[in-house]
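Asker: Here you go, target_16.txt (compact mmCIF, C-alpha atoms):
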# COMPACT_ATOMS: atom_id res chain seq x y z
CA MET A 1205 48.71 44.93 40.04
CA PRO A 1206 48.71 46.00 43.70
CA THR A 1207 48.06 49.53 44.85
CA VAL A 1208 50.84 50.43 47.23
CA GLN A 1209 50.07 52.93 49.96
CA LEU A 1210 53.01 54.48 51.74
CA THR A 1211 53.98 57.55 53.65
CA VAL A 1212 57.23 58.73 52.06
CA ASN A 1213 59.12 61.45 53.90
CA GLY A 1214 55.88 62.44 55.58
CA ARG A 1215 53.89 62.61 52.33
CA PRO A 1216 51.14 60.06 51.59
CA VAL A 1217 51.71 58.12 48.35
CA SER A 1218 49.28 55.80 46.62
CA MET A 1219 50.50 54.09 43.48
CA THR A 1220 49.64 51.05 41.40
CA VAL A 1221 52.77 49.19 40.36
CA GLU A 1222 53.74 45.74 39.10
CA ASP A 1223 53.86 43.12 41.84
CA ARG A 1224 57.58 42.56 41.20
CA THR A 1225 58.47 46.24 41.70
CA LEU A 1226 61.16 46.69 44.33
CA LEU A 1227 60.85 49.43 46.93
CA VAL A 1228 64.00 51.09 45.57
CA GLU A 1229 62.47 51.12 42.06
CA LEU A 1230 59.30 52.74 43.34
CA LEU A 1231 61.34 55.41 45.14
CA ARG A 1232 63.73 56.15 42.28
CA ASP A 1233 61.77 55.46 39.10
CA HIS A 1234 58.23 56.33 40.15
CA LEU A 1235 58.75 59.03 42.77
CA GLY A 1236 62.00 60.49 41.40
CA LEU A 1237 63.75 60.17 44.77
CA THR A 1238 67.13 59.31 43.27
CA GLY A 1239 69.12 60.00 46.43
CA THR A 1240 68.66 56.34 47.30
CA HIS A 1241 71.23 54.46 45.21
CA VAL A 1242 71.46 50.99 43.75
CA GLY A 1243 74.99 49.68 44.16
CA CYS A 1244 75.30 45.92 44.14
CA ASP A 1245 71.62 45.00 43.80
CA THR A 1246 72.39 41.84 45.82
CA SER A 1247 71.70 43.01 49.42
CA GLN A 1248 75.39 43.44 50.22
CA CYS A 1249 76.47 47.07 49.74
CA GLY A 1250 73.87 49.15 51.56
CA ALA A 1251 73.75 52.06 49.09
CA CYS A 1252 69.96 51.56 48.95
CA VAL A 1253 69.30 51.78 52.71
CA VAL A 1254 66.12 53.64 53.69
CA HIS A 1255 64.11 53.57 56.90
CA LEU A 1256 60.98 51.43 56.85
CA ASP A 1257 58.83 52.17 59.89
CA GLY A 1258 61.94 53.56 61.55
CA GLN A 1259 64.26 50.62 60.76
CA ALA A 1260 67.16 50.70 58.29
CA VAL A 1261 66.49 48.23 55.48
CA LYS A 1262 67.96 47.48 52.06
CA SER A 1263 65.29 48.75 49.69
CA CYS A 1264 66.65 46.61 46.83
CA THR A 1265 65.51 43.56 48.81
CA VAL A 1266 61.97 44.63 49.74
CA LEU A 1267 59.04 44.51 47.33
CA ALA A 1268 57.12 47.77 47.13
CA ALA A 1269 53.97 45.75 47.88
CA GLN A 1270 55.57 44.34 51.05
CA ALA A 1271 56.10 47.89 52.27
CA SER A 1272 52.49 48.92 51.66
CA GLY A 1273 50.98 50.38 54.82
CA SER A 1274 54.39 51.48 56.10
CA SER A 1275 56.22 54.73 56.50
CA VAL A 1276 59.43 55.27 54.51
CA THR A 1277 62.16 57.84 55.12
CA THR A 1278 64.81 58.38 52.45
CA ILE A 1279 67.92 60.56 52.46
CA GLU A 1280 65.76 63.36 50.98
CA GLY A 1281 63.61 63.30 54.12
CA LEU A 1282 66.36 64.12 56.63
CA ALA A 1283 67.21 67.80 56.17
CA THR A 1284 64.91 70.55 57.42
CA GLY A 1285 64.77 73.00 54.53
CA ASP A 1286 68.33 74.21 53.99
CA GLU A 1287 69.48 72.95 57.35
CA LEU A 1288 71.29 69.62 57.13
CA HIS A 1289 70.42 66.83 59.54
CA PRO A 1290 73.16 66.45 62.21
CA VAL A 1291 74.34 63.19 60.59
CA GLN A 1292 74.61 64.87 57.18
CA ALA A 1293 76.43 67.82 58.73
CA ALA A 1294 78.85 65.51 60.54
CA PHE A 1295 79.66 63.65 57.29
CA ARG A 1296 80.38 66.98 55.57
CA ASP A 1297 82.50 68.38 58.39
CA ASN A 1298 84.55 65.20 58.85
CA HIS A 1299 85.06 64.55 55.15
CA GLY A 1300 83.14 61.28 55.58
CA LEU A 1301 82.83 60.76 51.83
CA GLN A 1302 84.84 60.90 48.67
CA CYS A 1303 82.83 59.93 45.58
CA GLY A 1304 79.60 60.05 47.58
CA PHE A 1305 77.90 57.05 46.01
CA CYS A 1306 77.57 55.08 49.26
CA THR A 1307 76.85 58.16 51.37
CA PRO A 1308 73.02 58.17 51.38
CA GLY A 1309 73.00 54.56 52.60
CA MET A 1310 75.81 55.25 55.07
CA ILE A 1311 73.89 58.18 56.55
CA MET A 1312 70.62 56.24 56.83
CA SER A 1313 72.44 53.33 58.51
CA ALA A 1314 74.39 55.71 60.76
CA LEU A 1315 71.19 57.34 61.98
CA ASP A 1316 69.72 53.91 62.73
CA ILE A 1317 72.86 52.92 64.69
CA ILE A 1318 72.81 56.19 66.67
CA ARG A 1319 69.12 55.79 67.52
CA ARG A 1320 69.64 52.21 68.71
CA HIS A 1321 72.70 52.88 70.83
CA GLY A 1322 72.14 56.47 71.91
CA GLY A 1323 75.02 57.81 73.98
CA ARG A 1324 76.65 54.41 74.43
CA LEU A 1325 78.15 54.37 70.95
CA ASP A 1326 81.86 53.57 70.62
CA GLU A 1327 84.17 53.11 67.65
CA ALA A 1328 84.12 49.29 67.75
CA THR A 1329 80.31 49.25 67.69
CA VAL A 1330 80.16 51.67 64.75
CA ARG A 1331 82.65 49.59 62.77
CA HIS A 1332 80.79 46.36 63.54
CA GLU A 1333 77.35 47.75 62.74
CA LEU A 1334 78.42 49.37 59.48
CA GLU A 1335 79.06 45.83 58.23
CA GLY A 1336 76.14 46.09 55.81
CA ASN A 1337 77.42 49.24 54.10
CA ILE A 1338 80.35 49.13 51.70
CA CYS A 1339 82.51 52.13 50.75
CA ARG A 1340 85.21 51.72 48.09
CA CYS A 1341 86.87 55.14 48.58
CA THR A 1342 87.42 56.24 52.15
CA GLY A 1343 88.77 53.22 53.99
CA TYR A 1344 85.94 53.93 56.46
CA HIS A 1345 88.10 55.97 58.84
CA ASN A 1346 86.35 59.29 58.29
CA ILE A 1347 82.95 57.62 58.04
CA VAL A 1348 83.40 56.16 61.52
CA LYS A 1349 84.60 59.57 62.75
CA SER A 1350 81.49 61.18 61.21
CA VAL A 1351 79.11 58.73 62.88
CA LEU A 1352 80.69 59.25 66.31
CA ASP A 1353 80.64 63.03 65.82
CA ALA A 1354 76.98 62.87 64.74
CA ALA A 1355 76.11 60.79 67.80
CA GLY A 1356 77.67 63.50 69.99
CA ARG A 1357 75.78 66.27 68.18
CA MET A 1358 72.47 64.44 68.50
CA LYS A 1359 73.07 63.84 72.21
CA LEU A 1360 73.73 67.55 72.67
CA SER A 1361 70.65 68.60 70.72
CA ALA A 1362 68.50 66.08 72.62
CA ALA A 1363 69.85 67.46 75.91
CA ALA A 1364 69.04 71.02 74.80
CA GLU A 1365 65.40 70.17 74.04
CA MET B 160 62.81 39.28 38.24
CA TYR B 161 60.05 37.48 36.36
CA GLU B 162 56.45 38.54 36.81
CA THR B 163 54.69 37.31 39.90
CA THR B 164 51.53 37.97 41.87
CA TYR B 165 51.82 39.28 45.41
CA HIS B 166 49.34 38.31 48.11
CA ARG B 167 49.08 39.42 51.73
CA PRO B 168 46.69 37.09 53.55
CA ASN B 169 45.43 37.93 57.04
CA SER B 170 45.45 34.42 58.45
CA ILE B 171 47.29 31.13 58.11
CA ASP B 172 44.14 29.48 56.71
CA GLU B 173 43.89 32.15 54.04
CA ALA B 174 47.60 31.71 53.21
CA VAL B 175 47.23 27.94 52.88
CA ALA B 176 44.18 28.36 50.62
CA LEU B 177 46.06 30.79 48.37
CA PHE B 178 48.99 28.38 48.22
CA ALA B 179 46.73 25.48 47.22
CA LYS B 180 45.19 27.46 44.35
CA ALA B 181 48.41 28.79 42.81
CA SER B 182 50.51 26.89 40.29
CA GLU B 183 54.03 27.60 41.63
CA PRO B 184 53.62 29.52 44.89
CA ARG B 185 56.18 30.47 47.53
CA TYR B 186 55.66 31.84 51.00
CA LEU B 187 57.46 35.10 51.74
CA ALA B 188 58.50 36.24 55.23
CA GLY B 189 61.50 38.58 55.50
CA GLY B 190 62.29 37.94 51.85
CA HIS B 191 66.04 38.21 52.30
CA THR B 192 66.69 34.90 50.59
CA LEU B 193 63.68 34.64 48.29
CA ILE B 194 63.82 38.14 46.77
CA PRO B 195 67.56 37.99 45.86
CA THR B 196 66.93 34.52 44.40
CA MET B 197 64.02 35.84 42.34
CA LYS B 198 66.11 38.80 41.17
CA GLN B 199 68.71 36.36 39.85
CA ARG B 200 65.91 34.42 38.16
CA LEU B 201 66.89 31.32 40.10
CA ALA B 202 63.35 31.25 41.47
CA ALA B 203 60.27 32.32 39.55
CA PRO B 204 57.19 31.74 41.70
CA THR B 205 53.88 32.54 40.06
CA ASP B 206 52.55 33.70 43.42
CA VAL B 207 54.32 35.19 46.41
CA ILE B 208 52.32 34.83 49.61
CA ASP B 209 53.49 37.29 52.26
CA ILE B 210 52.96 35.78 55.71
CA ALA B 211 55.18 38.21 57.65
CA ARG B 212 52.32 40.34 58.96
CA ILE B 213 49.82 37.62 59.85
CA PRO B 214 48.56 38.45 63.37
CA GLY B 215 49.93 36.11 66.03
CA LEU B 216 52.76 34.80 63.86
CA SER B 217 55.47 36.85 65.59
CA GLY B 218 56.51 37.20 69.19
CA ILE B 219 58.53 35.42 71.87
CA GLU B 220 57.31 33.47 74.90
CA VAL B 221 59.70 32.30 77.60
CA SER B 222 58.91 29.90 80.42
CA GLY B 223 61.30 28.15 82.80
CA GLU B 224 61.48 25.16 80.49
CA ALA B 225 61.17 26.54 76.97
CA VAL B 226 61.73 29.51 74.70
CA THR B 227 59.08 29.72 71.99
CA ILE B 228 59.92 31.96 69.07
CA LYS B 229 57.09 32.45 66.63
CA ALA B 230 57.98 32.03 62.99
CA ALA B 231 57.83 35.61 61.72
CA THR B 232 59.96 36.98 64.56
CA THR B 233 62.95 38.84 63.16
CA HIS B 234 66.59 38.18 64.06
CA TYR B 235 66.67 41.71 65.48
CA ASP B 236 63.84 40.98 67.90
CA VAL B 237 65.47 37.74 69.08
CA ALA B 238 68.88 39.40 69.48
CA ARG B 239 67.51 42.21 71.66
CA SER B 240 65.13 40.09 73.77
CA ASP B 241 66.09 40.26 77.46
CA ALA B 242 63.91 37.23 78.20
CA VAL B 243 65.74 35.10 75.61
CA ARG B 244 69.11 36.43 76.81
CA LYS B 245 68.30 35.25 80.33
CA ALA B 246 67.11 31.78 79.24
CA ILE B 247 69.41 30.95 76.28
CA PRO B 248 72.03 33.68 75.81
CA ALA B 249 73.66 31.74 72.96
CA LEU B 250 70.49 32.17 70.93
CA CYS B 251 70.60 35.98 71.27
CA MET B 252 74.25 35.98 70.33
CA LEU B 253 73.58 33.79 67.29
CA ALA B 254 70.67 35.95 66.10
CA GLY B 255 72.69 39.14 66.63
CA ASP B 256 75.46 37.89 64.38
CA ILE B 257 73.38 36.87 61.35
CA GLY B 258 74.16 38.95 58.25
CA ASP B 259 74.20 42.67 59.02
CA PRO B 260 71.83 45.01 60.92
CA GLN B 261 69.61 45.63 57.88
CA VAL B 262 69.23 41.90 57.23
CA ARG B 263 68.42 41.26 60.90
CA TYR B 264 65.52 43.74 60.78
CA ARG B 265 63.90 41.72 57.99
CA GLY B 266 65.04 38.09 58.24
CA THR B 267 62.92 35.70 60.32
CA ILE B 268 63.58 32.47 62.19
CA GLY B 269 60.81 30.66 60.28
CA GLY B 270 62.25 31.77 56.95
CA SER B 271 65.72 30.63 57.91
CA ILE B 272 64.55 27.22 59.11
CA ALA B 273 62.22 26.70 56.13
CA ASN B 274 64.97 27.56 53.65
CA ASN B 275 67.60 25.40 55.44
CA ASP B 276 70.59 26.98 53.75
CA PRO B 277 73.61 24.75 54.53
CA SER B 278 75.50 27.79 55.84
CA ALA B 279 72.69 29.42 57.85
CA ASP B 280 73.13 29.89 61.60
CA TYR B 281 69.73 29.00 63.06
CA PRO B 282 69.68 25.33 61.94
CA ALA B 283 72.73 24.68 64.18
CA ALA B 284 70.86 26.01 67.25
CA VAL B 285 67.65 24.16 66.38
CA LEU B 286 69.47 20.84 65.94
CA ALA B 287 71.87 21.17 68.89
CA LEU B 288 69.15 22.22 71.33
CA GLY B 289 66.78 19.54 70.06
CA ALA B 290 64.09 22.12 69.35
CA THR B 291 60.62 21.31 68.03
CA ILE B 292 59.42 22.97 64.84
CA THR B 293 55.72 23.71 65.14
CA THR B 294 53.73 24.03 61.92
CA ASN B 295 50.08 24.63 61.07
CA LYS B 296 49.73 20.82 61.01
CA ARG B 297 52.08 19.27 63.60
CA GLY B 298 55.21 19.41 65.68
CA ILE B 299 58.43 18.11 64.12
CA ALA B 300 61.50 17.16 66.18
CA ALA B 301 64.70 18.80 64.94
CA ASP B 302 66.28 15.36 64.37
CA ASP B 303 63.49 14.57 61.88
CA TYR B 304 63.30 17.98 60.27
CA PHE B 305 66.55 18.72 58.38
CA LYS B 306 66.81 16.57 55.26
CA GLY B 307 69.88 17.92 53.46
CA LEU B 308 70.67 21.02 51.41
CA PHE B 309 67.67 23.36 51.27
CA THR B 310 65.47 20.36 52.07
CA THR B 311 63.23 19.84 55.10
CA ALA B 312 60.42 17.63 56.33
CA LEU B 313 57.89 20.38 55.48
CA GLU B 314 55.13 19.29 53.12
CA ASP B 315 53.87 21.38 50.23
CA GLY B 316 52.04 24.39 51.62
CA GLU B 317 52.88 23.64 55.26
CA ILE B 318 53.73 26.76 57.30
CA ILE B 319 56.09 26.93 60.27
CA THR B 320 54.32 28.76 63.10
CA ALA B 321 56.97 28.61 65.84
CA VAL B 322 60.20 27.04 67.01
CA VAL B 323 60.20 25.73 70.60
CA PHE B 324 63.66 25.52 72.22
CA PRO B 325 64.08 23.65 75.51
CA VAL B 326 66.05 25.78 77.97
CA PRO B 327 69.43 24.00 78.33
CA ALA B 328 71.80 23.88 81.28
CA LYS B 329 74.49 25.44 79.08
CA ALA B 330 74.84 26.40 75.44
CA GLY B 331 77.29 28.27 73.24
CA TYR B 332 77.74 29.15 69.57
CA ALA B 333 80.79 30.20 67.61
CA LYS B 334 81.16 30.72 63.90
CA PHE B 335 83.84 31.70 61.46
CA PRO B 336 81.94 34.04 59.15
CA ASN B 337 82.72 34.45 55.49
CA PRO B 338 83.97 38.05 55.61
CA ALA B 339 81.93 39.08 52.55
CA SER B 340 78.58 37.33 53.04
CA ARG B 341 78.72 36.81 56.83
CA PHE B 342 77.36 33.29 56.29
CA ALA B 343 79.06 30.67 58.47
CA LEU B 344 82.12 29.19 56.78
CA THR B 345 81.70 26.85 59.71
CA GLY B 346 79.66 27.38 62.86
CA VAL B 347 79.31 25.05 65.85
CA PHE B 348 76.55 25.11 68.48
CA VAL B 349 77.18 23.13 71.69
CA ALA B 350 74.45 22.38 74.22
CA LYS B 351 74.25 20.54 77.52
CA LEU B 352 70.58 19.89 78.16
CA LYS B 353 69.03 19.82 81.62
CA SER B 354 68.75 16.03 81.25
CA GLY B 355 72.56 15.95 81.04
CA ALA B 356 72.53 14.98 77.35
CA VAL B 357 75.11 16.76 75.21
CA ARG B 358 74.22 17.72 71.65
CA VAL B 359 76.52 19.45 69.18
CA ALA B 360 75.69 20.61 65.66
CA ALA B 361 77.72 22.21 62.86
CA THR B 362 76.54 24.42 60.03
CA GLY B 363 78.42 25.53 56.93
CA ALA B 364 80.67 22.48 57.00
CA SER B 365 78.88 19.45 55.57
CA GLN B 366 77.83 18.79 51.99
CA SER B 367 74.56 17.50 53.48
CA GLY B 368 73.73 20.66 55.42
CA VAL B 369 73.51 21.03 59.17
CA MET B 370 74.75 17.93 61.03
CA ARG B 371 75.29 16.59 64.52
CA LEU B 372 78.82 15.74 65.63
CA PRO B 373 78.55 12.44 67.59
CA ASP B 374 82.29 12.12 68.38
CA ILE B 375 82.38 15.58 69.93
CA GLU B 376 79.11 14.90 71.77
CA ARG B 377 80.55 11.73 73.36
CA ALA B 378 83.76 13.46 74.35
CA LEU B 379 81.96 16.42 75.91
CA ALA B 380 79.47 14.17 77.70
CA ALA B 381 82.47 12.53 79.41
CA SER B 382 84.17 15.84 80.15
CA TRP B 383 82.74 19.26 79.28
CA SER B 384 85.88 21.25 78.54
CA GLU B 385 87.81 22.76 75.67
CA ALA B 386 90.82 20.59 76.51
CA THR B 387 88.77 17.45 75.81
CA LEU B 388 88.81 18.36 72.13
CA ASP B 389 92.47 19.32 71.87
CA LYS B 390 93.63 15.99 70.51
CA MET B 391 90.50 15.08 68.57
CA ARG B 392 90.90 14.74 64.82
CA ILE B 393 87.80 15.66 62.83
CA SER B 394 87.29 13.74 59.60
CA ALA B 395 87.05 15.79 56.41
CA ASP B 396 84.85 13.17 54.73
CA GLY B 397 81.70 14.71 53.26
CA LEU B 398 82.71 18.25 54.13
CA ILE B 399 82.34 21.17 51.72
CA ALA B 400 85.34 22.05 49.56
CA ASP B 401 84.94 25.27 47.60
CA VAL B 402 86.65 28.53 46.67
CA HIS B 403 86.48 29.61 50.33
CA GLY B 404 88.37 26.63 51.71
CA PRO B 405 89.09 22.92 51.26
CA ALA B 406 87.39 20.19 53.30
CA ALA B 407 90.39 19.74 55.61
CA TYR B 408 90.23 23.44 56.48
CA ARG B 409 86.57 23.12 57.46
CA ALA B 410 87.35 19.97 59.48
CA ASN B 411 89.89 21.97 61.45
CA LEU B 412 87.40 24.84 61.82
CA ILE B 413 84.88 22.45 63.40
CA GLY B 414 87.34 21.73 66.21
CA VAL B 415 88.30 25.38 66.65
CA MET B 416 84.69 26.62 66.63
CA ALA B 417 83.60 23.84 69.00
CA ARG B 418 86.26 24.92 71.51
CA ARG B 419 85.22 28.56 71.18
CA ALA B 420 81.57 27.59 71.61
CA ILE B 421 82.39 25.72 74.83
CA ALA B 422 84.34 28.73 76.08
CA ALA B 423 81.32 30.92 75.30
CA ALA B 424 78.95 28.51 77.05
CA GLY B 425 81.08 28.50 80.20
Using the file provided, produce a representation of the structure as structure tokens.
Answerer:
Amino acid sequence: MPTVQLTVNGRPVSMTVEDRTLLVELLRDHLGLTGTHVGCDTSQCGACVVHLDGQAVKSCTVLAAQASGSSVTTIEGLATGDELHPVQAAFRDNHGLQCGFCTPGMIMSALDIIRRHGGRLDEATVRHELEGNICRCTGYHNIVKSVLDAAGRMKLSAAAE
Amino acid sequence: MYETTYHRPNSIDEAVALFAKASEPRYLAGGHTLIPTMKQRLAAPTDVIDIARIPGLSGIEVSGEAVTIKAATTHYDVARSDAVRKAIPALCMLAGDIGDPQVRYRGTIGGSIANNDPSADYPAAVLALGATITTNKRGIAADDYFKGLFTTALEDGEIITAVVFPVPAKAGYAKFPNPASRFALTGVFVAKLKSGAVRVAATGASQSGVMRLPDIERALAASWSEATLDKMRISADGLIADVHGPAAYRANLIGVMARRAIAAAG
């Protein structure tokens, strides 16, 4: 069995797991980070999205051993203490969720989209790039609104720094 | 998923040696076909040999005559490459429309070509541009490489190291994606090479996987325009008929996608 070495939300993790263990299983079952969800388990829905070395990936489709040596950020790694990350805050303020099941994946994908496009983000791009995340409640309207609002907030906070 | 043993070799030689020793091994790159297949227990390799991080197996080189994309290069890296966009913009566009952003971060050109899914996008570009598939043993011309559904000229244990695309005079790609899976219900890649030769390939349409379209090639060689194809009837013989659409629908899509691809190529 391989020993998987990761940095998870800034914390070093070393763990021996079965070779067939998926990254999402390591996060949820072994580390107790249950904010990352398993929706479809077939790489379609995006509820399991985490950042692997800064890129949004579907953790149900990555072996834990494949990720060894990498840095992982989950939804639990975004907030600073009690202060929500700007993307989390934007989802709350814009009612960007209903049942909340898809939300962790939506937020991790949203942050990836905002980082890639910076200030050039428009509604069509957000809708196109959220292709890999499925929501069965909201009809996406408020999710798109949340992502655009978050992009604006992050631009402002970057300008202030 | 059944039990398996994971390996991460540091070189192609080491990967080949591991492959030779194992009873039912599979190479793993991005894993976005193999891992879902293993989860469904449709594949049960005894050994999974991860070649994605082998030094020198990813990267892009562009010269005036050719674009060389190394095998473990992700769709994301091809889509965002300014050098590729300048040489073969259709290739960037194709890579940027595979699956979704998360898939594009992981999926690789070598994995796509090795798997040869009949609805994958890259095989259409490889065949239409007349690319050469470079392996650890040899170079294989695209016309000799694709052998039907999920079947290629690769031998047991052979590893794709790069795909070399000649820079064409013009090229374009258009696909009608399945709205759920984003695989091509039908996709057509058109290319006019610098030699003047016209090559056209379709993915997602044929029961035998990616295929060239000789009638369309002849018509476009005579006159490179969308209007040339307006009156052409595409035969539905041998095309896929499934829950997503009958063969006649795909035959029609070939014509529509070919016209859109020409419009995109300019």
Asker: With distances taken over only C-alpha atoms, which residue among A:Cys1303, A:Gly1239, A:Arg1215, A:Val1261 lies nearest chain B?
Answerer: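 Selected residue with least distance to chain B: A:Val1261.
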Asker: In Å, how far is it from atom CA of Ile1338 of chain A to atom CA of Ala1251 of chain A?
Answerer: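 These atoms are spaced 7.7 Å apart.
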Asker: Please tell me which residues are no farther than 12 Å from (77.6, 65.9, 56.6) in the file, counting only C-alpha atoms, and write them as an NGL selection string.
Answerer: :A and (1279 or 1282-1283 or 1287-1302 or 1304 or 1307-1308 or 1310-1312 or 1314-1315 or 1346-1347 or 1349-1351 or 1353-1354 or 1357)
Asker: Please provide the set of residues having any atom within 9 Å of Met391 of chain B, restricted to all atoms listed in the file, with same-chain residues fewer than 2 positions apart removed, written as number ranges by chain.
Answerer: B: 374-375, 387-389, 393, 414
Asker: Kindly provide, as a PyMOL selection string, the residues of chain A having any atom no farther than 6 Å from an atom of chain B, counting only C-alpha atoms.
Answerer: chain A and resi 1223+1260-1261+1335-1336
Asker: Residues as selected, C-alpha atoms, written as an mmCIF file, in the frame of the given file, can you do that?
Answerer:
data_model
loop_
_atom_site.group_PDB
_atom_site.id
_atom_site.type_symbol
_atom_site.label_atom_id
_atom_site.label_comp_id
_atom_site.auth_asym_id
_atom_site.auth_seq_id
_atom_site.Cartn_x
_atom_site.Cartn_y
_atom_site.Cartn_z
ATOM 1 C CA ASP A 1223 53.860 43.120 41.840
ATOM 2 C CA ALA A 1260 67.160 50.700 58.290
ATOM 3 C CA VAL A 1261 66.490 48.230 55.480
ATOM 4 C CA GLU A 1335 79.060 45.830 58.230
ATOM 5 C CA GLY A 1336 76.140 46.090 55.810
#
Asker: Which polymer residues, whether protein, DNA or RNA, lie within 9 Å of the coordinate (74.4, 25.5, 67.5) when you count all atoms listed in the file? List them as a PyMOL selection string, using the chain letters and numbers from the file.
Answerer: chain B and resi 249-250+253+280-288+330-333+346-350+358-362+420
Asker: Could you write those residues out with C-alpha atoms, as a compact mmCIF listing (two decimals), in the frame of the given file?
Answerer:
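Contents of the output file out05.txt:
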# COMPACT_ATOMS: atom_id res chain seq x y z
CA ALA B 249 73.66 31.74 72.96
CA LEU B 250 70.49 32.17 70.93
CA LEU B 253 73.58 33.79 67.29
CA ASP B 280 73.13 29.89 61.60
CA TYR B 281 69.73 29.00 63.06
CA PRO B 282 69.68 25.33 61.94
CA ALA B 283 72.73 24.68 64.18
CA ALA B 284 70.86 26.01 67.25
CA VAL B 285 67.65 24.16 66.38
CA LEU B 286 69.47 20.84 65.94
CA ALA B 287 71.87 21.17 68.89
CA LEU B 288 69.15 22.22 71.33
CA ALA B 330 74.84 26.40 75.44
CA GLY B 331 77.29 28.27 73.24
CA TYR B 332 77.74 29.15 69.57
CA ALA B 333 80.79 30.20 67.61
CA GLY B 346 79.66 27.38 62.86
CA VAL B 347 79.31 25.05 65.85
CA PHE B 348 76.55 25.11 68.48
CA VAL B 349 77.18 23.13 71.69
CA ALA B 350 74.45 22.38 74.22
CA ARG B 358 74.22 17.72 71.65
CA VAL B 359 76.52 19.45 69.18
CA ALA B 360 75.69 20.61 65.66
CA ALA B 361 77.72 22.21 62.86
CA THR B 362 76.54 24.42 60.03
CA ALA B 420 81.57 27.59 71.61
Asker: Have a look at atom CA of Phe305 of chain B and atom CA of Pro214 of chain B and let me know their distance in Å, one decimal.
Answerer: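 Between these atoms lies a distance of 27.2 Å.
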Asker: Could you give me the centre and size, in Å to one decimal, of an axis-aligned box around all listed atoms of segment 1294-1312 of chain A with 5 Å added on every side, as JSON?
Answerer:
{"center_x": 77.8, "center_y": 61.5, "center_z": 53.1, "size_x": 24.4, "size_y": 23.8, "size_z": 25.0}
Asker: Between atom CA of Leu1256 of chain A and atom CA of Asp1286 of chain A, what is the distance in Å, rounded to a tenth?
Answerer: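 Distance between the two atoms: 24.1 Å.
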Asker: Return the single residue from A:Val1276, A:Val1253, A:Val1217, A:Met1358 that is closest to Leu1334 of chain A, with distances computed using only C-alpha atoms.
Answerer: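 Of A:Val1276, A:Val1253, A:Val1217, A:Met1358, the one nearest Leu1334 of chain A, counting only C-alpha atoms, is A:Val1253.
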Asker: Give me the residues within 9 Å of Val323 of chain B as a PDB file with C-alpha atoms, in the frame of the given file, counting only C-alpha atoms and dropping any in the same chain fewer than 2 places off.
Answerer:
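File part.pdb, as written:
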ATOM      1  CA  ALA B 225      61.170  26.540  76.970  1.00  0.00           C
ATOM      2  CA  VAL B 226      61.730  29.510  74.700  1.00  0.00           C
ATOM      3  CA  THR B 227      59.080  29.720  71.990  1.00  0.00           C
ATOM      4  CA  ILE B 228      59.920  31.960  69.070  1.00  0.00           C
ATOM      5  CA  LYS B 229      57.090  32.450  66.630  1.00  0.00           C
ATOM      6  CA  VAL B 285      67.650  24.160  66.380  1.00  0.00           C
ATOM      7  CA  ALA B 290      64.090  22.120  69.350  1.00  0.00           C
ATOM      8  CA  THR B 291      60.620  21.310  68.030  1.00  0.00           C
ATOM      9  CA  ILE B 292      59.420  22.970  64.840  1.00  0.00           C
ATOM     10  CA  THR B 293      55.720  23.710  65.140  1.00  0.00           C
ATOM     11  CA  ALA B 321      56.970  28.610  65.840  1.00  0.00           C
ATOM     12  CA  PRO B 325      64.080  23.650  75.510  1.00  0.00           C
TER      13      PRO B 325
END
Asker: Considering only C-alpha atoms, can you say which of A:Leu1237, A:Leu1360, A:Cys1341, A:Leu1230 comes closest to Phe1305 of chain A?
Answerer: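 The closest residue to Phe1305 of chain A is A:Cys1341.
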Asker: Find the residue from B:Leu352, B:Leu216, B:Met416, B:Ile210 that sits nearest to Val326 of chain B; use all atoms listed in the file when measuring.
Answerer: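 Smallest separation from Val326 of chain B among the options: B:Leu352.
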Asker: Looking at all atoms listed in the file, which of A:His1234, A:Ala1271, A:Glu1222, A:Cys1306 is the one that sits closest to Leu1210 of chain A?
Answerer: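 With all atoms listed in the file as the atom set, the closest residue is A:Ala1271.
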Asker: Can you put N, CA and C atoms back into segment 1269-1275 of chain A and show it as a compact mmCIF listing (two decimals), keeping the file's coordinate frame?
Answerer:
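Output below, filename selection-v6.txt:
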# COMPACT_ATOMS: atom_id res chain seq x y z
N ALA A 1269 55.24 46.23 47.31
CA ALA A 1269 53.97 45.75 47.88
C ALA A 1269 54.13 45.30 49.33
N GLN A 1270 55.31 44.74 49.66
CA GLN A 1270 55.57 44.34 51.05
C GLN A 1270 55.56 45.55 51.98
N ALA A 1271 55.99 46.69 51.44
CA ALA A 1271 56.10 47.89 52.27
C ALA A 1271 54.77 48.62 52.40
N SER A 1272 53.77 48.20 51.64
CA SER A 1272 52.49 48.92 51.66
C SER A 1272 51.94 48.99 53.09
N GLY A 1273 51.48 50.18 53.46
CA GLY A 1273 50.98 50.38 54.82
C GLY A 1273 52.04 50.93 55.76
N SER A 1274 53.28 51.05 55.25
CA SER A 1274 54.39 51.48 56.10
C SER A 1274 54.80 52.90 55.79
N SER A 1275 55.67 53.39 56.66
CA SER A 1275 56.22 54.73 56.50
C SER A 1275 57.68 54.60 56.08
